[in-house]
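One file, input.txt, carrying compact mmCIF, C-alpha atoms:
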```
# COMPACT_ATOMS: atom_id res chain seq x y z
CA MET A 424 117.30 -44.12 95.53
CA LYS A 425 118.15 -45.76 98.85
CA PRO A 426 117.65 -49.53 98.80
CA TYR A 427 115.40 -49.69 101.84
CA LEU A 428 113.22 -46.92 100.49
CA LEU A 429 112.95 -48.82 97.22
CA SER A 430 112.02 -52.07 99.01
CA PHE A 431 109.45 -50.13 101.00
CA LEU A 432 107.94 -48.68 97.81
CA VAL A 433 107.73 -52.13 96.21
CA PHE A 434 106.13 -53.44 99.43
CA LEU A 435 103.63 -50.57 99.33
CA PHE A 436 102.85 -51.31 95.69
CA ILE A 437 102.27 -55.00 96.42
CA SER A 438 100.20 -54.15 99.51
CA SER A 439 98.03 -51.78 97.50
CA LEU A 440 97.37 -54.52 94.96
CA LEU A 441 96.34 -56.87 97.76
CA ALA A 442 94.15 -54.26 99.43
CA GLN A 443 92.16 -53.80 96.24
CA GLY A 444 90.83 -57.36 96.45
CA GLY A 445 89.24 -58.82 93.32
CA ASN A 446 90.93 -61.47 91.24
CA VAL A 447 94.56 -60.83 91.98
CA PHE A 448 96.96 -63.55 90.83
CA SER A 449 100.18 -64.34 92.66
CA THR A 450 103.19 -66.61 92.93
CA THR A 451 105.92 -67.11 95.47
CA SER A 452 107.88 -69.71 93.56
CA GLY A 453 108.54 -68.26 90.12
CA LYS A 454 111.74 -69.26 88.38
CA ILE A 455 114.40 -66.90 87.15
CA SER A 456 117.74 -67.71 85.59
CA PHE A 457 120.50 -65.62 84.15
CA GLN A 458 123.42 -66.35 81.91
CA SER A 459 126.63 -64.48 81.28
CA ASP A 460 128.19 -65.73 78.06
CA ALA A 461 131.67 -64.17 77.92
CA PRO A 462 134.55 -65.31 75.65
CA PHE A 463 136.38 -67.18 78.44
CA GLU A 464 133.59 -68.20 80.78
CA LEU A 465 129.94 -69.14 80.85
CA ILE A 466 128.21 -68.34 84.13
CA LYS A 467 124.72 -69.58 84.95
CA ALA A 468 122.63 -69.11 88.06
CA SER A 469 118.98 -69.44 88.94
CA SER A 470 116.43 -68.93 91.69
CA LYS A 471 113.02 -70.40 92.38
CA GLU A 472 111.99 -67.62 94.74
CA VAL A 473 110.38 -65.07 92.45
CA LYS A 474 107.44 -63.42 94.18
CA GLY A 475 104.87 -61.75 92.02
CA LEU A 476 101.42 -60.25 91.84
CA LEU A 477 99.23 -59.46 88.87
CA ASP A 478 95.96 -57.52 88.94
CA PRO A 479 94.22 -58.19 85.59
CA ALA A 480 91.53 -55.57 86.23
CA LYS A 481 94.05 -52.77 86.63
CA LYS A 482 96.68 -54.39 84.38
CA THR A 483 99.26 -53.78 87.12
CA PHE A 484 102.00 -56.15 88.25
CA ALA A 485 104.91 -56.39 90.66
CA PHE A 486 107.65 -59.02 90.79
CA LYS A 487 110.75 -59.32 92.93
CA VAL A 488 113.49 -61.79 93.75
CA ARG A 489 116.03 -61.90 96.55
CA MET A 490 119.50 -61.65 95.05
CA GLU A 491 121.00 -64.04 97.60
CA SER A 492 118.55 -66.75 96.49
CA PHE A 493 120.46 -67.31 93.23
CA GLN A 494 122.15 -70.70 93.08
CA GLY A 495 124.53 -72.19 90.55
CA PHE A 496 127.62 -70.28 89.42
CA ASN A 497 130.87 -72.07 88.65
CA SER A 498 132.13 -72.03 92.23
CA ALA A 499 131.17 -70.95 95.72
CA LEU A 500 133.71 -68.15 95.47
CA GLN A 501 132.07 -66.87 92.31
CA LYS A 502 128.71 -66.71 94.08
CA GLU A 503 130.37 -64.80 96.92
CA HIS A 504 131.84 -62.30 94.45
CA PHE A 505 128.44 -61.95 92.78
CA ASN A 506 126.76 -61.00 96.03
CA GLU A 507 129.53 -58.95 97.58
CA ASN A 508 131.26 -57.21 94.68
CA TYR A 509 128.79 -56.95 91.84
CA VAL A 510 125.16 -56.75 92.98
CA GLU A 511 126.04 -55.86 96.60
CA SER A 512 123.19 -57.95 98.03
CA ASN A 513 123.64 -56.52 101.53
CA LYS A 514 122.85 -53.02 100.32
CA TYR A 515 120.44 -53.96 97.55
CA PRO A 516 118.76 -57.23 98.59
CA ASP A 517 116.15 -57.45 95.83
CA ALA A 518 115.75 -57.06 92.10
CA SER A 519 112.25 -55.97 91.12
CA PHE A 520 110.03 -55.11 88.20
CA SER A 521 106.70 -53.35 88.65
CA GLY A 522 104.38 -51.44 86.37
CA LYS A 523 101.52 -51.93 83.96
CA ILE A 524 100.71 -54.13 80.97
CA ILE A 525 100.35 -52.17 77.72
CA GLU A 526 97.89 -54.48 75.95
CA ASP A 527 94.23 -54.81 76.83
CA THR A 528 94.03 -58.54 77.40
CA ASP A 529 91.06 -60.57 78.59
CA PHE A 530 92.66 -62.63 81.34
CA THR A 531 89.45 -64.63 81.84
CA LYS A 532 89.61 -66.07 78.34
CA GLU A 533 91.79 -69.14 77.93
CA GLY A 534 94.49 -68.88 75.27
CA ASN A 535 98.02 -67.84 74.40
CA TYR A 536 98.86 -64.16 74.33
CA THR A 537 101.88 -61.96 73.77
CA ILE A 538 101.90 -59.05 76.16
CA ARG A 539 104.29 -56.19 76.85
CA ALA A 540 104.90 -55.13 80.42
CA LYS A 541 106.04 -51.54 80.92
CA GLY A 542 107.56 -50.58 84.22
CA ASN A 543 110.58 -49.91 86.36
CA PHE A 544 113.19 -52.64 86.45
CA THR A 545 115.48 -52.31 89.44
CA VAL A 546 118.76 -54.10 90.05
CA HIS A 547 121.62 -52.94 92.27
CA GLY A 548 119.43 -50.07 93.44
CA VAL A 549 119.27 -48.56 89.96
CA SER A 550 115.89 -48.33 88.24
CA GLN A 551 115.47 -48.33 84.48
CA GLU A 552 112.23 -47.98 82.61
CA ARG A 553 111.79 -51.10 80.50
CA ILE A 554 109.28 -52.75 78.23
CA ILE A 555 109.51 -56.52 78.62
CA LYS A 556 107.73 -58.74 76.13
CA SER A 557 106.22 -61.89 77.59
CA ASP A 558 104.35 -64.94 76.40
CA MET A 559 101.30 -65.58 78.52
CA THR A 560 99.05 -68.61 78.70
CA VAL A 561 95.71 -68.51 80.50
CA LYS A 562 94.50 -72.00 81.30
CA GLU A 563 92.24 -73.47 83.97
CA GLY A 564 92.16 -70.24 85.92
CA LYS A 565 95.94 -69.95 86.09
CA ILE A 566 98.27 -67.59 84.28
CA ASN A 567 101.65 -68.78 83.07
CA ILE A 568 104.10 -66.06 82.08
CA HIS A 569 107.43 -66.54 80.34
CA SER A 570 109.83 -63.71 79.57
CA ALA A 571 113.30 -63.63 78.06
CA PHE A 572 115.18 -60.35 78.08
CA THR A 573 118.62 -58.83 78.46
CA VAL A 574 120.14 -56.58 81.09
CA MET A 575 123.13 -54.35 80.48
CA LEU A 576 125.34 -54.24 83.57
CA THR A 577 126.29 -50.64 82.83
CA ASP A 578 122.59 -49.66 82.96
CA HIS A 579 122.59 -50.62 86.64
CA ASN A 580 126.00 -49.30 87.65
CA ILE A 581 127.47 -52.76 88.06
CA PRO A 582 131.16 -52.37 87.30
CA ILE A 583 133.20 -55.00 85.46
CA PRO A 584 136.82 -55.05 86.71
CA LYS A 585 139.40 -55.22 83.92
CA VAL A 586 140.75 -58.55 85.18
CA VAL A 587 137.41 -60.28 84.53
CA LYS A 588 136.55 -58.41 81.35
CA ASP A 589 136.72 -61.57 79.23
CA LYS A 590 134.97 -63.66 81.86
CA LEU A 591 131.87 -61.55 82.39
CA ALA A 592 129.51 -60.44 79.62
CA ASP A 593 128.36 -56.81 79.37
CA GLU A 594 124.88 -58.04 78.55
CA ILE A 595 123.25 -60.66 80.76
CA LYS A 596 120.49 -62.91 79.39
CA VAL A 597 117.59 -63.37 81.78
CA ASP A 598 114.76 -65.90 81.61
CA VAL A 599 111.71 -65.82 83.89
CA THR A 600 108.82 -68.29 84.18
CA CYS A 601 106.00 -67.77 86.68
CA LEU A 602 102.76 -69.65 87.23
CA LEU A 603 100.31 -67.30 88.90
CA GLU A 604 97.20 -68.49 90.68
CA ALA A 605 94.20 -66.56 91.91
CA ARG A 606 94.71 -65.49 95.50
CA LYS A 607 92.31 -66.97 98.01
CA SER A 608 90.49 -64.18 99.80
CA MET B 475 86.49 -0.87 14.51
CA HIS B 476 82.84 -1.33 15.21
CA THR B 477 81.78 -2.17 18.73
CA THR B 478 80.29 -5.49 17.60
CA ALA B 479 83.55 -6.46 15.93
CA LYS B 480 85.43 -5.56 19.14
CA TYR B 481 83.22 -7.93 21.15
CA ILE B 482 83.68 -10.70 18.64
CA LEU B 483 87.45 -10.22 18.75
CA LEU B 484 87.45 -10.20 22.57
CA CYS B 485 85.42 -13.41 22.63
CA LEU B 486 87.82 -15.03 20.21
CA ILE B 487 90.85 -14.00 22.31
CA LEU B 488 89.27 -15.31 25.51
CA THR B 489 88.29 -18.56 23.84
CA PHE B 490 91.82 -18.96 22.48
CA ALA B 491 93.33 -18.14 25.90
CA ASN B 492 91.21 -20.80 27.61
CA THR B 493 92.35 -23.36 25.07
CA LEU B 494 96.00 -22.52 25.80
CA CYS B 495 95.44 -22.83 29.53
CA ALA B 496 93.97 -26.27 29.14
CA GLN B 497 96.86 -27.38 26.97
CA ILE B 498 99.57 -26.32 29.41
CA SER B 499 97.88 -27.75 32.48
CA GLY B 500 100.51 -29.34 34.86
CA ILE B 501 98.26 -32.11 36.06
CA HIS B 502 99.36 -35.56 35.06
CA SER B 503 98.30 -38.76 36.74
CA TYR B 504 100.75 -41.51 37.59
CA THR B 505 99.40 -44.78 38.84
CA ILE B 506 101.24 -47.53 40.63
CA ASN B 507 100.59 -50.49 38.43
CA ASP B 508 102.26 -53.45 40.03
CA ASP B 509 101.23 -56.75 38.45
CA GLY B 510 97.86 -55.28 37.67
CA ALA B 511 97.33 -54.15 41.25
CA SER B 512 97.02 -50.50 42.09
CA PRO B 513 97.56 -50.23 45.83
CA LYS B 514 96.17 -47.28 47.73
CA ILE B 515 98.76 -44.68 48.75
CA LEU B 516 98.56 -44.11 52.51
CA THR B 517 101.47 -41.72 53.04
CA LEU B 518 103.95 -39.82 50.88
CA ILE B 519 107.23 -37.99 51.44
CA LYS B 520 109.94 -36.48 49.29
CA SER B 521 113.36 -37.88 50.19
CA SER B 522 116.49 -35.79 50.41
CA LYS B 523 117.61 -37.45 47.15
CA GLY B 524 114.56 -36.03 45.39
CA PHE B 525 112.52 -39.20 45.06
CA LEU B 526 108.93 -39.52 46.15
CA LEU B 527 108.46 -42.37 48.59
CA ALA B 528 104.95 -43.76 48.75
CA GLY B 529 103.74 -45.91 51.60
CA THR B 530 100.93 -48.03 50.26
CA ALA B 531 98.67 -50.85 51.30
CA ASN B 532 101.14 -53.16 49.56
CA GLY B 533 104.41 -51.73 50.89
CA LEU B 534 106.90 -49.07 49.82
CA TYR B 535 107.29 -47.61 46.34
CA ARG B 536 109.74 -45.04 44.96
CA PHE B 537 108.74 -42.60 42.24
CA ASP B 538 111.58 -41.16 40.16
CA GLY B 539 109.49 -38.76 38.09
CA ARG B 540 108.59 -41.32 35.46
CA GLN B 541 107.76 -44.60 37.11
CA PHE B 542 107.28 -46.37 40.42
CA SER B 543 109.64 -49.08 41.66
CA TYR B 544 108.87 -51.43 44.54
CA TYR B 545 111.03 -52.11 47.60
CA ASN B 546 110.92 -55.77 48.56
CA PHE B 547 110.72 -56.79 52.21
CA SER B 548 113.66 -58.81 53.52
CA ASP B 549 111.15 -60.88 55.50
CA THR B 550 107.64 -60.82 54.17
CA PRO B 551 105.28 -59.62 56.88
CA SER B 552 101.69 -60.81 56.97
CA LYS B 553 100.52 -57.20 56.68
CA LYS B 554 102.52 -54.87 54.44
CA ALA B 555 100.57 -51.60 54.67
CA ILE B 556 102.88 -48.65 55.38
CA THR B 557 101.23 -45.74 57.16
CA ALA B 558 104.18 -43.50 58.05
CA ILE B 559 107.54 -42.64 56.47
CA ALA B 560 110.32 -40.35 57.68
CA GLU B 561 113.94 -39.70 56.82
CA ASP B 562 116.37 -39.10 59.66
CA LYS B 563 119.36 -36.77 59.63
CA ASP B 564 121.65 -39.57 58.42
CA GLY B 565 119.39 -40.21 55.44
CA LYS B 566 117.97 -43.41 56.90
CA ILE B 567 114.36 -44.03 55.86
CA TRP B 568 112.14 -45.15 58.73
CA LEU B 569 108.82 -46.85 58.08
CA GLY B 570 105.78 -47.38 60.26
CA LEU B 571 103.35 -50.13 59.40
CA GLN B 572 99.62 -50.39 59.99
CA SER B 573 100.35 -53.54 62.01
CA GLY B 574 102.48 -51.50 64.43
CA GLN B 575 105.73 -52.94 63.15
CA ILE B 576 108.61 -50.58 62.48
CA GLY B 577 111.00 -50.91 59.59
CA TYR B 578 113.73 -49.13 57.69
CA VAL B 579 115.26 -49.17 54.23
CA GLU B 580 118.67 -50.75 53.78
CA ASN B 581 120.28 -51.91 50.53
CA LYS B 582 117.04 -51.26 48.66
CA LEU B 583 115.19 -53.63 50.95
CA VAL B 584 112.60 -52.95 53.64
CA LYS B 585 113.85 -54.51 56.85
CA LEU B 586 111.71 -54.86 59.95
CA LEU B 587 113.03 -54.15 63.42
CA ASN B 588 112.69 -57.04 65.80
CA PRO B 589 113.30 -55.34 69.13
CA GLU B 590 113.48 -57.22 72.40
CA GLU B 591 110.58 -55.11 73.64
CA GLY B 592 108.29 -56.26 70.82
CA HIS B 593 106.54 -53.82 68.52
CA PRO B 594 103.42 -51.68 69.05
CA ALA B 595 100.12 -53.39 68.40
CA ALA B 596 98.60 -50.18 67.00
CA ALA B 597 99.20 -48.54 63.62
CA ILE B 598 102.09 -46.08 63.35
CA THR B 599 100.67 -42.69 62.38
CA SER B 600 103.78 -40.51 62.30
CA ILE B 601 107.58 -40.71 62.65
CA LEU B 602 109.91 -37.88 63.60
CA GLN B 603 113.52 -37.49 64.67
CA ASP B 604 114.23 -34.73 67.15
CA ALA B 605 117.33 -32.57 67.46
CA SER B 606 118.98 -35.08 69.83
CA GLN B 607 118.65 -37.76 67.10
CA THR B 608 115.98 -39.69 69.00
CA VAL B 609 113.37 -41.18 66.67
CA PHE B 610 109.75 -40.91 67.84
CA PHE B 611 106.83 -43.04 66.61
CA ALA B 612 103.23 -41.95 67.12
CA THR B 613 100.60 -44.66 67.29
CA ALA B 614 96.85 -44.93 66.87
CA GLY B 615 96.11 -46.13 70.38
CA GLU B 616 99.34 -46.76 72.32
CA GLY B 617 100.72 -43.26 72.66
CA ILE B 618 104.27 -42.56 71.54
CA TYR B 619 107.32 -44.80 71.34
CA TYR B 620 110.87 -43.60 71.06
CA TYR B 621 113.94 -45.55 70.04
CA GLN B 622 117.14 -44.87 71.90
CA ASN B 623 120.28 -46.98 72.34
CA LYS B 624 118.59 -49.92 70.61
CA ARG B 625 115.71 -49.96 73.08
CA PHE B 626 112.11 -48.85 72.72
CA TYR B 627 110.42 -46.72 75.36
CA ASN B 628 106.78 -45.77 75.62
CA ILE B 629 104.95 -42.60 76.65
CA ASN B 630 101.20 -43.02 77.15
CA THR B 631 98.33 -41.66 79.23
CA ASP B 632 99.82 -43.26 82.36
CA ASP B 633 102.74 -40.87 81.90
CA GLY B 634 100.50 -37.85 81.39
CA LEU B 635 99.91 -37.94 77.63
CA SER B 636 96.46 -36.46 76.95
CA ASP B 637 95.38 -39.32 74.65
CA ASN B 638 96.89 -42.56 73.39
CA TYR B 639 95.66 -41.89 69.86
CA VAL B 640 98.32 -39.60 68.42
CA TYR B 641 97.64 -38.23 64.95
CA ASP B 642 100.88 -36.46 64.22
CA LEU B 643 104.24 -35.36 65.55
CA LEU B 644 105.71 -31.92 65.00
CA PRO B 645 109.30 -30.88 65.56
CA LYS B 646 110.43 -28.55 68.29
CA LYS B 647 113.86 -27.45 69.37
CA GLN B 648 114.40 -30.24 71.89
CA GLY B 649 111.72 -32.91 71.60
CA VAL B 650 108.43 -33.15 69.76
CA ILE B 651 104.85 -31.94 69.87
CA ALA B 652 102.25 -34.71 69.82
CA CYS B 653 98.83 -33.94 68.36
CA THR B 654 95.80 -35.68 69.86
CA ASP B 655 92.04 -35.15 70.10
CA ARG B 656 92.61 -33.89 73.63
CA GLY B 657 95.16 -31.24 72.77
CA LEU B 658 98.83 -30.82 72.07
CA ASN B 659 101.50 -32.49 74.18
CA ILE B 660 104.88 -30.85 74.33
CA ILE B 661 107.47 -33.52 74.99
CA ASN B 662 110.86 -32.19 75.93
CA SER B 663 113.85 -34.42 75.49
CA GLY B 664 115.70 -34.29 78.76
CA SER B 665 118.39 -36.56 80.03
CA LYS B 666 119.35 -39.92 78.56
CA LYS B 667 115.97 -41.62 78.75
CA ASN B 668 113.60 -39.10 80.27
CA TYR B 669 111.02 -37.07 78.44
CA TYR B 670 108.88 -34.61 80.30
CA LEU B 671 105.33 -33.80 79.43
CA HIS B 672 103.74 -30.38 79.59
CA LEU B 673 100.11 -30.45 78.59
CA SER B 674 98.44 -27.49 77.02
```
Written as structure tokens, that's how I'd like the structure from this file.
Amino acid sequence: MKPYLLSFLVFLFISSLLAQGGNVFSTTSGKISFQSDAPFELIKASSKEVKGLLDPAKKTFAFKVRMESFQGFNSALQKEHFNENYVESNKYPDASFSGKIIEDTDFTKEGNYTIRAKGNFTVHGVSQERIIKSDMTVKEGKINIHSAFTVMLTDHNIPIPKVVKDKLADEIKVDVTCLLEARKS
Amino acid sequence: MHTTAKYILLCLILTFANTLCAQISGIHSYTINDDGASPKILTLIKSSKGFLLAGTANGLYRFDGRQFSYYNFSDTPSKKAITAIAEDKDGKIWLGLQSGQIGYVENKLVKLLNPEEGHPAAAITSILQDASQTVFFATAGEGIYYYQNKRFYNINTDDGLSDNYVYDLLPKKQGVIACTDRGLNIINSGSKKNYYLHLS
């Protein structure tokens, strides 16, 4: 799928959630971090620019992050390689995850819940259907979501050159934390 | 021989025959008697090795023709009831629990899968491996899950399944047939991770 078409579809999905009104929860400052733990190198990077929407009534959600917003890495050159050679941020500017929550959860009731989000996870322009387990806390009208999951680079056609084989893990650990608040209509 | 004597003889023969029938009856009851408890059997299969495997409210038992033996859990779950059992083509025994957890037998122990995706929250009603070696799990309320390349995937009404309560799975050449209150769902195994639904 072409990257701009994909971004457009995610935009449409988010717009449709907004158009439905009701108690839609959102964030524009969710945190995401990833870690590549290879034999010869540990690479960490994070972003505080996760945008997300959650419609409890329809159990639908959509999250995305701009790939160029990731900070950290072990050097400026490494960040450059990440954007230019691996995730190709110019061609595929966003990573996204959108879909529907499997469980029937009462989002109005305060408490801690474990939910599973089923949807399409897209990185590097390649979508994979995923189920991502998340811990959710509903408190004082806000929803806090924390997810930890892994991403195989091969699942998203991100090649690992032989020269960095021992410096880049096949499986990347990802951690996401978002505090969603009810949107003001 | 007088007619009366013939009737008496016939009655005697029939009486004797009935007695023989009762004596050679093949019905014999075996009861799981584990520390005085007699857990209810929820599902039963015959393994390729000839044993009967019984999923009970207390876990998994094996019957060797004379007695039952219990399979311990490697990690004791809060709910042990086993509602589905299946053996795959490699002889691996898969187990579905009432809690939605999925397990397997290894080294005479029941081990529970702890997948990154979490486990279903609904009881597992049926397990089946298709021709492409993919293992399917039917649930009582969350549709079907399948396990492929160490990941779980879900097929539910959002994907076109006629009902999320799936009673049973039946084999077909490529894929499975899912049985629900709203009809049969023919699920064809396609490419790596795609299954296509054709409702009938």
Note to self: Tell me as a ChimeraX atom specification which residues belonging to chain B come within 12 Å of chain A, counting only C-alpha atoms.
What the structure shows: /B:588-596,615-617,619-633,638,666-669
Item checked: Residue neighbourhood stretch 568-582 of chain B, 10 Å, all atoms listed in the file, exclusion window fewer than 4 positions, as a ChimeraX atom specification -> /B:516,529-531,533-534,544-548,551-562,586-589,592-603,609,611-614,616
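The two atoms in question, atom CA of A:Gly475 and atom CA of A:Glu563, are spaced 19.0 Å apart.
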Check: Neighbours of A:Phe530 within 10 Å (all atoms listed in the file; same-chain residues fewer than 5 positions away dropped), as a ChimeraX atom specification?
Finding: /A:478-480,482,536,559-562,564-566
Next item on the list: Quick one: pull the distance between atom CA of A:Thr600 and atom CA of A:Ser512, Å, one decimal.
Entry: 22.5 Å
Report as JSON the centre and the edge lengths, in Å to one decimal, of the axis-aligned box holding every listed atom of stretch 492-504 of chain A, padded by 6 Å on each side.
```
{"center_x": 126.1, "center_y": -67.2, "center_z": 92.8, "size_x": 27.2, "size_y": 21.9, "size_z": 20.3}
```
Notebook entry, point to check: What is the distance between atom CA of A:Phe520 and atom CA of A:Ala592, in Å to one decimal?
Noted result: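 Interatomic distance here is 21.9 Å.
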Margin query: Quick one: residues within 6 Å of A:Val599, all atoms listed in the file, excluding same-chain residues fewer than 3 positions away - as a PyMOL selection string?
Written below: chain A and resi 454-455+569-570
Next item on the list: Name the residues within 10 Å of (121.7, -67.3, 95.5), counting only C-alpha atoms in the file's coordinates, and put them as a ChimeraX atom specification.
Entry: /A:468-472,489-496,502-503,505-506,512
Next item on the list: Anything within 12 Å of (131.1, -51.5, 81.6): list those residues as JSON, numbers by chain, counting all atoms listed in the file and sticking to the file's coordinates.
Entry: {"A": [509, 575, 576, 577, 578, 579, 580, 581, 582, 583, 584, 585, 587, 588, 589, 591, 592, 593, 594]}
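Using all atoms listed in the file, the shortest contact distance between A:Lys514 and any of A:Val473, A:Ala485, A:Leu500, A:Val546 is found at A:Val546.
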Notebook entry, point to check: Do you know which residues are at most 8 Å from stretch 649-651 of chain B counting all atoms listed in the file, after dropping those on the same chain fewer than 6 positions away, and could you put them as a list of chain:residue names?
Noted result: B:Leu602, B:Asp604, B:Ala605, B:Ser606, B:Leu643, B:Leu658, B:Asn659, B:Ile660, B:Ile661, B:Asn662, B:Ser663
